[in-house]
Each structure stands twice: as structure tokens, then as C-alpha cells.
Amino acid sequence: MPNLSERDVLVNWHPYTQMHTAAPPIGITRGEGTLLFSEDGHTFIDAVSSWWVNIHGHAHPHIAEKVSEQLRTLEHVIFAGFTHAPAVELSERLLKLLPNNQARVFFSDNGSTAVEVAMKMCLQYWFDRNVPRTKIIAFKDSYHGDTFGAMSVSERSAFTRPFHQYLFDVVFIDVPVAGQEEQTVSQLQAALSTGDIAAFIFEPLVLGTAGMVMYEPAVLDRLMKLCQEQQVFTIADEVMTGFGRTGKRFACDYLRQQPDLMCFSKGLTGGTMAMGITTCTNTIYSSFLSEDKTKTFFHGHSYTANPIACSAALASLDLVEQATFLEDLARITDSHQAFAQSLQGKPGIKDIRQTGTILAVEFATHTTSYFNNLRDTLYNFAIDNGVLLRPLGNIVYVLPPYCVTQEELEKVYAVIIGMRKLVVKSFSA
């Protein structure tokens, strides 16, 4: 009988994969904690939390039990005209953890749709008032998803090139990395002076697919304050940073200013189920209340507020609210900081960036393109050594599940040290 890998290549089309040249996918039969077990007997440390979603570890027994219970009660019900306990409880509990200006929860299916919802809310807010605010500001190099609205506010690149003519115009400003803060502030001020800006969307503190580019809370506070002074809505895309990644429960916990809207997915359900959430202020929500039915927010998904996904999210929140959750964040943060310090100044290292449980190592290479062959060399080296890492070109990042042990972290670090040696050897050649 053919194995999973052999069967897969006959029927499936994988994301972000050139299927003509890609190696057959690795067949995974089960997961436990940080580990993935393949059908051919290999074990891998999932050091990227399976695209940043799995925050508590694979097959977590508490989440599994709560999902199983829900399956025996109610698997789904239309969320237009109906509601159910998991959705109500999830919204109640999540809002208590968020900045206190967040008042309403809108459910969708994933991170891209959570962003689409936020942008549509902002644009319709001004449309319903007959105020010509139609532009959105975003950071250069940002990524907010792969649907058309989300692509529009993301970096124009080879990934979006076939669709550029279909994307709406966006005002892009520089990321306020160290030394460029004033330049970004000036760019934002100039953009706001036009009077046609509806919203400013940003990945708070860390731009994920840009290569884990990081900036400080203080400058984001300044940018948000400028927007709020001009009644421009601020949208915090916490799809990646939410639920502990930056060392606090949410990246916005580092800020003095409060965003008007927030977007969540990935870690929302502990990596168990697909779900997106957009939260907003009462100002935005109440603006849609009208006797005029055309002012309804016309957006929805078949699986909006799916009870099983809500139950998974509730079980994940149980773990997020435990004292040990913050302890694990601190433990991983400290470990990353120590490892980053040990690499400082070493040959082959261009830069090291770290915020909370996110660690990024940028190797010094002749080219930094996502499409260079170094990415494949580094990826295969990690796989051969039992670690799942997905380099962004010459940048290797670590975002482990929070249950990762120190021994497992040390193995991941050892693989990165081995990568550095490969890069030095290749660079010198």
C-alpha cells in the first residue's frame, strides 16, 4: 500500500509550495506536546507551532475533552437569528482580557477574514455618514492575509504581483524600527493631513512574514495617538501576536493607547480549529444601529461562531488564564534572550531579533531573497535534525508551543548553530 506522502502527491495542492519542484510532503500520523510523529518513524520538534497557531501543544487533553463534549451537544447552528452558549461565553471572557474599550465581538473563519471584517467596518462607518474617508494606512512589508482586501493592505511583492491591478490603493509608511521612528511619524502626519483616511492597520510590535521585524511600543503609541486625534480608526492585527507571543497575553498590553478594532485567529483556539474574531468599540458598533436596514453590516460566513471552534477557544482560554501560562512565556523569553546573546557578534550572523517568545536570526548572505536556495538548505538541515523550522529566506525564526521544554529548546538552538556553520561555510566559498 502507498503511504500518506505517496497518496498525497496524487491529489493535493499545498499552500506556498511550488508543486513541480517540492519534495513529497512528510506524512504526520499524530502529535503530542511540541512533537510531531511521522509515518516513517521520525519525530520533529514543532518549533514554529505549525504556522504560529499551536500555542499549548498538539493534542492537548483539556482542549480535546471540551471539543468532544461539544460535539455530543451541538456541532453547528446558523448564527443569524440564533446564538449558543459557547459563543456567548467566549465573547464575554475574551472581552474581559482585552483593552477595556473593546465592546463587541464579530466572528469569522480565519485571520484574513478577521482583517476583512475590520476594514469593512471602518469603511462602512464613514460611508454611512457620507464622509469621503476611503483610504487605509499600513506599514510597508506588512502581511495581513491572502484575501483581496487583506492583500491590499499587505506589502506588494512577488506573492501578490498577479493581483496588483485588482488591489485597492493604500498609503504605506515605513516600519518605525530603531533609528527610523521620526521618519515614520512624519510620514503618518503627512498622510493624515489629507483628511481622507479611514483607518490605520498594523501588526503590533512584530511584523511576522516580513522576517519578524520588530519595533518599540512607545512609537506605536505615538502613531495611534496621532490617528485618534484625527478620528482615524486604528486596527491592531493580533492574528500572530495575540495569546502570548510577545511575552504578554496581547501585544497591545504593552501600549498606553487602545486600538479601535482588534483581529484574532491562529492561537485563538490553541491551534485546534479554524476561527477568526474581530472586536470593536461601542462607537463603531452603535453606528450601525439604525431603522435604515441598508446600514446593516452585511458580512457573514456559513460557519460563523461555530460551537465546536468556540469550545476549543474556551478551552484554550482556560489555559491562557492559568498562572503557569505567564510563567511559561517568561521562561521561553529568558531562554531566547540568553541564546540571542550567545550569538551576538558571531560570524555569519547579520542580526538577531527577539520579542517575548519570538526569536529571529538573520544570517549574513549574498542575497536576502525569499526565493534563494539557502532557504531550502536551511529547512532541510532542520528537518534532517528533527526540528521543524520554516526560514523566511535567510531569516530563521522560532515560535514554539509554550509547553516546550528547555531540553527541546536547546535542541532547536543547536540546529540554528549548525545552520550558522553552514552559512559561514557557504559564504566563505
# chains A, B, ... in the order shown; residues from 1 in each chain; ligands from 1

$ residues_around --residues "region 72-74 of chain A" --least-positions-apart "5" --cutoff "9 Å" --atoms "only C-alpha atoms" --output "ChimeraX atom specification"
/A:67,84,307-308

$ residues_around --residues "Val239 (chain A)" --least-positions-apart "4" --cutoff "10 Å" --atoms "only C-alpha atoms" --output "PyMOL selection string"
chain A and resi 52-53+110-112+114-115+144-145+203-204+208+243+262-268+276-278

$ closest_residue --among "A:Leu205, A:Met119, A:Ile349, A:Ala414" --to "Phe427 (chain A)" --atoms "only C-alpha atoms"
A:Ile349

$ select_by_dssp --residues "region 216-301 of chain A" --states "helix (DSSP H, G or I)" --output "MDAnalysis selection string"
chainID A and resid 217:229 251:254 266:269 282:287 293:295

$ closest_residue --among "A:Thr160, A:Gln180, A:Gln231, A:Thr304" --to "Thr113 (chain A)" --atoms "only C-alpha atoms"
A:Thr304

$ residues_around --residues "region 281-283 of chain A" --least-positions-apart "6" --cutoff "9 Å" --atoms "only C-alpha atoms" --output "list of chain:residue names"
A:Asn101, A:Gln102, A:Ala103, A:Arg104, A:Pro259, A:Asp260, A:Leu261

$ closest_residue --among "A:Leu317, A:Ala305, A:Val396, A:Val213" --to "Leu374 (chain A)" --atoms "only C-alpha atoms"
A:Val396

$ closest_residue --among "A:Ser311, A:Ser152, A:Thr241, A:Thr17" --to "Tyr166 (chain A)" --atoms "only C-alpha atoms"
A:Ser152

$ closest_residue --among "A:Met151, A:Cys227, A:Val48, A:Ile28" --to "Val412 (chain A)" --atoms "only C-alpha atoms"
A:Val48
